[in-house]
file query_35.pdb (PDB, C-alpha atoms)
ATOM      1  CA  MET Q   1     121.048  -1.268-185.220  1.00  0.00           C
ATOM      2  CA  PRO Q   2     124.681  -0.362-185.898  1.00  0.00           C
ATOM      3  CA  SER Q   3     125.511   2.028-188.686  1.00  0.00           C
ATOM      4  CA  THR Q   4     127.475   0.701-191.648  1.00  0.00           C
ATOM      5  CA  GLY Q   5     130.553   2.475-190.311  1.00  0.00           C
ATOM      6  CA  ASP Q   6     130.380   0.423-187.113  1.00  0.00           C
ATOM      7  CA  LEU Q   7     130.254  -2.945-188.865  1.00  0.00           C
ATOM      8  CA  ASP Q   8     133.889  -3.362-189.806  1.00  0.00           C
ATOM      9  CA  LYS Q   9     135.989  -1.489-187.283  1.00  0.00           C
ATOM     10  CA  GLU Q  10     138.909  -3.905-187.573  1.00  0.00           C
ATOM     11  CA  SER Q  11     139.705  -3.188-191.243  1.00  0.00           C
ATOM     12  CA  GLY Q  12     138.514   0.405-191.059  1.00  0.00           C
ATOM     13  CA  SER Q  13     136.652   0.115-194.358  1.00  0.00           C
ATOM     14  CA  GLY Q  14     133.151   0.563-192.914  1.00  0.00           C
ATOM     15  CA  LYS Q  15     131.895  -2.047-195.378  1.00  0.00           C
ATOM     16  CA  ILE Q  16     129.747  -5.083-194.763  1.00  0.00           C
ATOM     17  CA  ARG Q  17     132.108  -8.032-195.269  1.00  0.00           C
ATOM     18  CA  ILE Q  18     130.361 -10.932-197.022  1.00  0.00           C
ATOM     19  CA  VAL Q  19     131.169 -14.566-197.728  1.00  0.00           C
ATOM     20  CA  VAL Q  20     129.226 -16.000-200.682  1.00  0.00           C
ATOM     21  CA  ALA Q  21     128.630 -19.754-200.653  1.00  0.00           C
ATOM     22  CA  ASP Q  22     127.060 -21.863-203.390  1.00  0.00           C
ATOM     23  CA  ASP Q  23     128.033 -25.058-205.190  1.00  0.00           C
ATOM     24  CA  HIS Q  24     127.342 -23.555-208.652  1.00  0.00           C
ATOM     25  CA  PRO Q  25     130.326 -21.404-209.732  1.00  0.00           C
ATOM     26  CA  ILE Q  26     128.378 -19.406-212.337  1.00  0.00           C
ATOM     27  CA  PHE Q  27     125.672 -18.456-209.822  1.00  0.00           C
ATOM     28  CA  ARG Q  28     128.278 -17.670-207.159  1.00  0.00           C
ATOM     29  CA  ASP Q  29     130.248 -15.471-209.546  1.00  0.00           C
ATOM     30  CA  GLY Q  30     127.119 -13.610-210.675  1.00  0.00           C
ATOM     31  CA  LEU Q  31     126.042 -12.948-207.098  1.00  0.00           C
ATOM     32  CA  CYS Q  32     129.506 -11.643-206.244  1.00  0.00           C
ATOM     33  CA  LYS Q  33     129.365  -9.282-209.227  1.00  0.00           C
ATOM     34  CA  LEU Q  34     125.960  -7.974-208.131  1.00  0.00           C
ATOM     35  CA  LEU Q  35     127.138  -7.442-204.566  1.00  0.00           C
ATOM     36  CA  ALA Q  36     130.238  -5.614-205.837  1.00  0.00           C
ATOM     37  CA  LEU Q  37     127.948  -2.952-207.323  1.00  0.00           C
ATOM     38  CA  GLU Q  38     127.023  -1.841-203.812  1.00  0.00           C
ATOM     39  CA  GLU Q  39     129.666   0.421-202.321  1.00  0.00           C
ATOM     40  CA  ASP Q  40     128.856  -0.674-198.748  1.00  0.00           C
ATOM     41  CA  PHE Q  41     129.478  -4.376-199.519  1.00  0.00           C
ATOM     42  CA  GLU Q  42     132.772  -6.216-199.810  1.00  0.00           C
ATOM     43  CA  VAL Q  43     132.858  -9.886-200.804  1.00  0.00           C
ATOM     44  CA  VAL Q  44     135.830 -11.179-198.833  1.00  0.00           C
ATOM     45  CA  ALA Q  45     135.619 -14.851-199.833  1.00  0.00           C
ATOM     46  CA  GLN Q  46     133.706 -17.480-201.761  1.00  0.00           C
ATOM     47  CA  ALA Q  47     133.013 -21.095-200.844  1.00  0.00           C
ATOM     48  CA  GLN Q  48     131.673 -24.025-202.829  1.00  0.00           C
ATOM     49  CA  ASP Q  49     130.563 -26.365-200.029  1.00  0.00           C
ATOM     50  CA  GLY Q  50     129.843 -26.484-196.313  1.00  0.00           C
ATOM     51  CA  ARG Q  51     133.322 -27.587-195.323  1.00  0.00           C
ATOM     52  CA  GLU Q  52     134.877 -24.689-197.224  1.00  0.00           C
ATOM     53  CA  VAL Q  53     132.340 -22.268-195.707  1.00  0.00           C
ATOM     54  CA  LEU Q  54     133.517 -23.176-192.213  1.00  0.00           C
ATOM     55  CA  ASP Q  55     137.131 -22.560-193.209  1.00  0.00           C
ATOM     56  CA  VAL Q  56     136.528 -19.148-194.793  1.00  0.00           C
ATOM     57  CA  LEU Q  57     134.213 -18.005-191.995  1.00  0.00           C
ATOM     58  CA  GLN Q  58     136.967 -18.662-189.491  1.00  0.00           C
ATOM     59  CA  GLN Q  59     139.681 -17.154-191.680  1.00  0.00           C
ATOM     60  CA  PHE Q  60     137.913 -13.976-192.864  1.00  0.00           C
ATOM     61  CA  GLU Q  61     135.441 -13.316-189.985  1.00  0.00           C
ATOM     62  CA  PRO Q  62     132.815 -11.707-192.242  1.00  0.00           C
ATOM     63  CA  THR Q  63     129.918  -9.558-191.149  1.00  0.00           C
ATOM     64  CA  SER Q  64     127.504 -11.718-193.150  1.00  0.00           C
ATOM     65  CA  CYS Q  65     127.317 -14.949-195.124  1.00  0.00           C
ATOM     66  CA  CYS Q  66     125.120 -15.425-198.186  1.00  0.00           C
ATOM     67  CA  TRP Q  67     124.546 -19.177-198.348  1.00  0.00           C
ATOM     68  CA  THR Q  68     122.333 -20.382-201.197  1.00  0.00           C
TER      69      THR Q  68
END

call {"tool": "encode", "arguments": {"input": "query_35.pdb", "output": "structure tokens"}}
result
Amino acid sequence: MPSTGDLDKESGSGKIRIVVADDHPIFRDGLCKLLALEEDFEVVAQAQDGREVLDVLQQFEPTSCCWT
């Protein structure tokens, strides 16, 4: 398993880059705030539906996607 430092070589931040997707803005915002408390996580984008998820995944190339 790669170390956290190996996960985001392109930006050099060493953080796990996350896209958060949910159709409820309050839930999505709360999840982003919780993830922001972790220093190894960086929420790079949010999406409200499947179509938008595909766009942001291609644009931001995250390490992970949290799709609820």

call {"tool": "closest_residue", "arguments": {"input": "query_35.pdb", "among": "Q:Val44, Q:Leu35, Q:Glu61, Q:Leu54", "to": "Q:Val19", "atoms": "all atoms listed in the file"}}
result
Q:Val44

call {"tool": "closest_residue", "arguments": {"input": "query_35.pdb", "among": "Q:Leu31, Q:Ala21, Q:Ile16, Q:Ile26", "to": "Q:Ala45", "atoms": "only C-alpha atoms"}}
result
Q:Ala21

call {"tool": "closest_residue", "arguments": {"input": "query_35.pdb", "among": "Q:Arg28, Q:Asp22, Q:Leu34, Q:Glu39", "to": "Q:Arg51", "atoms": "all atoms listed in the file"}}
result
Q:Asp22

call {"tool": "resolve_selection", "arguments": {"input": "query_35.pdb", "expression": "the PyMOL selection byres ((chain Q and resi 56) around 12)", "output": "ChimeraX atom specification"}}
result
/Q:17-21,43-55,57-62,64-65

call {"tool": "write_last_selection", "arguments": {"input": "query_35.pdb", "atoms": "C-alpha atoms", "output": "mmCIF file, keeping the file's coordinate frame"}}
result
data_model
loop_
_atom_site.group_PDB
_atom_site.id
_atom_site.type_symbol
_atom_site.label_atom_id
_atom_site.label_comp_id
_atom_site.auth_asym_id
_atom_site.auth_seq_id
_atom_site.Cartn_x
_atom_site.Cartn_y
_atom_site.Cartn_z
ATOM 1 C CA ARG Q 17 132.108 -8.032 -195.269
ATOM 2 C CA ILE Q 18 130.361 -10.932 -197.022
ATOM 3 C CA VAL Q 19 131.169 -14.566 -197.728
ATOM 4 C CA VAL Q 20 129.226 -16.000 -200.682
ATOM 5 C CA ALA Q 21 128.630 -19.754 -200.653
ATOM 6 C CA VAL Q 43 132.858 -9.886 -200.804
ATOM 7 C CA VAL Q 44 135.830 -11.179 -198.833
ATOM 8 C CA ALA Q 45 135.619 -14.851 -199.833
ATOM 9 C CA GLN Q 46 133.706 -17.480 -201.761
ATOM 10 C CA ALA Q 47 133.013 -21.095 -200.844
ATOM 11 C CA GLN Q 48 131.673 -24.025 -202.829
ATOM 12 C CA ASP Q 49 130.563 -26.365 -200.029
ATOM 13 C CA GLY Q 50 129.843 -26.484 -196.313
ATOM 14 C CA ARG Q 51 133.322 -27.587 -195.323
ATOM 15 C CA GLU Q 52 134.877 -24.689 -197.224
ATOM 16 C CA VAL Q 53 132.340 -22.268 -195.707
ATOM 17 C CA LEU Q 54 133.517 -23.176 -192.213
ATOM 18 C CA ASP Q 55 137.131 -22.560 -193.209
ATOM 19 C CA LEU Q 57 134.213 -18.005 -191.995
ATOM 20 C CA GLN Q 58 136.967 -18.662 -189.491
ATOM 21 C CA GLN Q 59 139.681 -17.154 -191.680
ATOM 22 C CA PHE Q 60 137.913 -13.976 -192.864
ATOM 23 C CA GLU Q 61 135.441 -13.316 -189.985
ATOM 24 C CA PRO Q 62 132.815 -11.707 -192.242
ATOM 25 C CA SER Q 64 127.504 -11.718 -193.150
ATOM 26 C CA CYS Q 65 127.317 -14.949 -195.124
#

call {"tool": "axis_aligned_box", "arguments": {"input": "query_35.pdb", "around": "stretch 27-41 of chain Q", "padding_each_side": "6 Å", "output": "AutoDock Vina command-line options"}}
result
--center_x 128.0 --center_y -9.0 --center_z -204.7 --size_x 16.6 --size_y 30.9 --size_z 23.9

call {"tool": "atom_distance", "arguments": {"input": "query_35.pdb", "atom1": "atom CA of Q:Asp23", "atom2": "atom CA of Q:Thr63"}}
result
21.0 Å

call {"tool": "build_atoms", "arguments": {"input": "query_35.pdb", "residues": "stretch 19-30 of chain Q", "atoms": "all heavy atoms", "output": "tab-separated table (two decimals), in the frame of the given file"}}
result
chain	number	residue	atom	x	y	z
Q	19	VAL	N	130.72	-13.32	-197.13
Q	19	VAL	CA	131.17	-14.57	-197.73
Q	19	VAL	C	129.99	-15.09	-198.55
Q	19	VAL	O	128.87	-15.16	-198.06
Q	19	VAL	CB	131.58	-15.60	-196.66
Q	19	VAL	CG1	131.75	-16.98	-197.29
Q	19	VAL	CG2	132.86	-15.19	-195.98
Q	20	VAL	N	130.25	-15.44	-199.80
Q	20	VAL	CA	129.23	-16.00	-200.68
Q	20	VAL	C	129.49	-17.49	-200.84
Q	20	VAL	O	130.61	-17.89	-201.19
Q	20	VAL	CB	129.24	-15.30	-202.06
Q	20	VAL	CG1	128.27	-15.98	-203.01
Q	20	VAL	CG2	128.89	-13.83	-201.91
Q	21	ALA	N	128.47	-18.30	-200.58
Q	21	ALA	CA	128.63	-19.75	-200.65
Q	21	ALA	C	127.55	-20.37	-201.53
Q	21	ALA	O	126.35	-20.12	-201.33
Q	21	ALA	CB	128.56	-20.35	-199.25
Q	22	ASP	N	127.97	-21.12	-202.52
Q	22	ASP	CA	127.06	-21.86	-203.39
Q	22	ASP	C	127.88	-22.89	-204.16
Q	22	ASP	O	129.05	-22.64	-204.47
Q	22	ASP	CB	126.35	-20.93	-204.37
Q	22	ASP	CG	125.21	-21.63	-205.09
Q	22	ASP	OD1	125.45	-22.28	-206.12
Q	22	ASP	OD2	124.08	-21.54	-204.58
Q	23	ASP	N	127.28	-24.02	-204.49
Q	23	ASP	CA	128.03	-25.06	-205.19
Q	23	ASP	C	128.05	-24.86	-206.71
Q	23	ASP	O	128.71	-25.61	-207.42
Q	23	ASP	CB	127.51	-26.45	-204.83
Q	23	ASP	CG	126.05	-26.65	-205.18
Q	23	ASP	OD1	125.33	-25.66	-205.37
Q	23	ASP	OD2	125.63	-27.82	-205.23
Q	24	HIS	N	127.35	-23.85	-207.22
Q	24	HIS	CA	127.34	-23.56	-208.65
Q	24	HIS	C	128.22	-22.34	-208.93
Q	24	HIS	O	127.85	-21.21	-208.57
Q	24	HIS	CB	125.92	-23.30	-209.14
Q	24	HIS	CG	125.02	-24.48	-208.96
Q	24	HIS	ND1	125.06	-25.57	-209.80
Q	24	HIS	CD2	124.08	-24.74	-208.03
Q	24	HIS	CE1	124.17	-26.45	-209.40
Q	24	HIS	NE2	123.56	-25.98	-208.32
Q	25	PRO	N	129.38	-22.51	-209.54
Q	25	PRO	CA	130.33	-21.40	-209.73
Q	25	PRO	C	129.75	-20.23	-210.53
Q	25	PRO	O	130.06	-19.08	-210.22
Q	25	PRO	CB	131.50	-22.03	-210.48
Q	25	PRO	CG	131.27	-23.48	-210.52
Q	25	PRO	CD	129.88	-23.77	-210.06
Q	26	ILE	N	128.93	-20.50	-211.52
Q	26	ILE	CA	128.38	-19.41	-212.34
Q	26	ILE	C	127.43	-18.55	-211.50
Q	26	ILE	O	127.48	-17.32	-211.55
Q	26	ILE	CB	127.67	-19.95	-213.59
Q	26	ILE	CG1	128.71	-20.59	-214.52
Q	26	ILE	CG2	126.90	-18.86	-214.32
Q	26	ILE	CD1	128.13	-21.32	-215.70
Q	27	PHE	N	126.58	-19.20	-210.69
Q	27	PHE	CA	125.67	-18.46	-209.82
Q	27	PHE	C	126.46	-17.66	-208.78
Q	27	PHE	O	126.19	-16.49	-208.53
Q	27	PHE	CB	124.70	-19.40	-209.12
Q	27	PHE	CG	123.75	-18.69	-208.20
Q	27	PHE	CD1	122.65	-18.03	-208.69
Q	27	PHE	CD2	123.99	-18.66	-206.84
Q	27	PHE	CE1	121.78	-17.35	-207.84
Q	27	PHE	CE2	123.15	-17.99	-205.98
Q	27	PHE	CZ	122.03	-17.33	-206.50
Q	28	ARG	N	127.45	-18.32	-208.19
Q	28	ARG	CA	128.28	-17.67	-207.16
Q	28	ARG	C	128.99	-16.44	-207.72
Q	28	ARG	O	129.00	-15.37	-207.11
Q	28	ARG	CB	129.28	-18.70	-206.62
Q	28	ARG	CG	129.95	-18.33	-205.34
Q	28	ARG	CD	130.76	-19.48	-204.76
Q	28	ARG	NE	131.82	-19.93	-205.65
Q	28	ARG	CZ	131.94	-21.17	-206.12
Q	28	ARG	NH1	131.09	-22.10	-205.78
Q	28	ARG	NH2	132.94	-21.48	-206.92
Q	29	ASP	N	129.55	-16.58	-208.91
Q	29	ASP	CA	130.25	-15.47	-209.55
Q	29	ASP	C	129.29	-14.32	-209.86
Q	29	ASP	O	129.61	-13.15	-209.62
Q	29	ASP	CB	130.93	-15.96	-210.83
Q	29	ASP	CG	131.77	-14.89	-211.48
Q	29	ASP	OD1	132.63	-14.31	-210.78
Q	29	ASP	OD2	131.56	-14.62	-212.68
Q	30	GLY	N	128.11	-14.65	-210.37
Q	30	GLY	CA	127.12	-13.61	-210.68
Q	30	GLY	C	126.67	-12.86	-209.43
Q	30	GLY	O	126.54	-11.64	-209.45
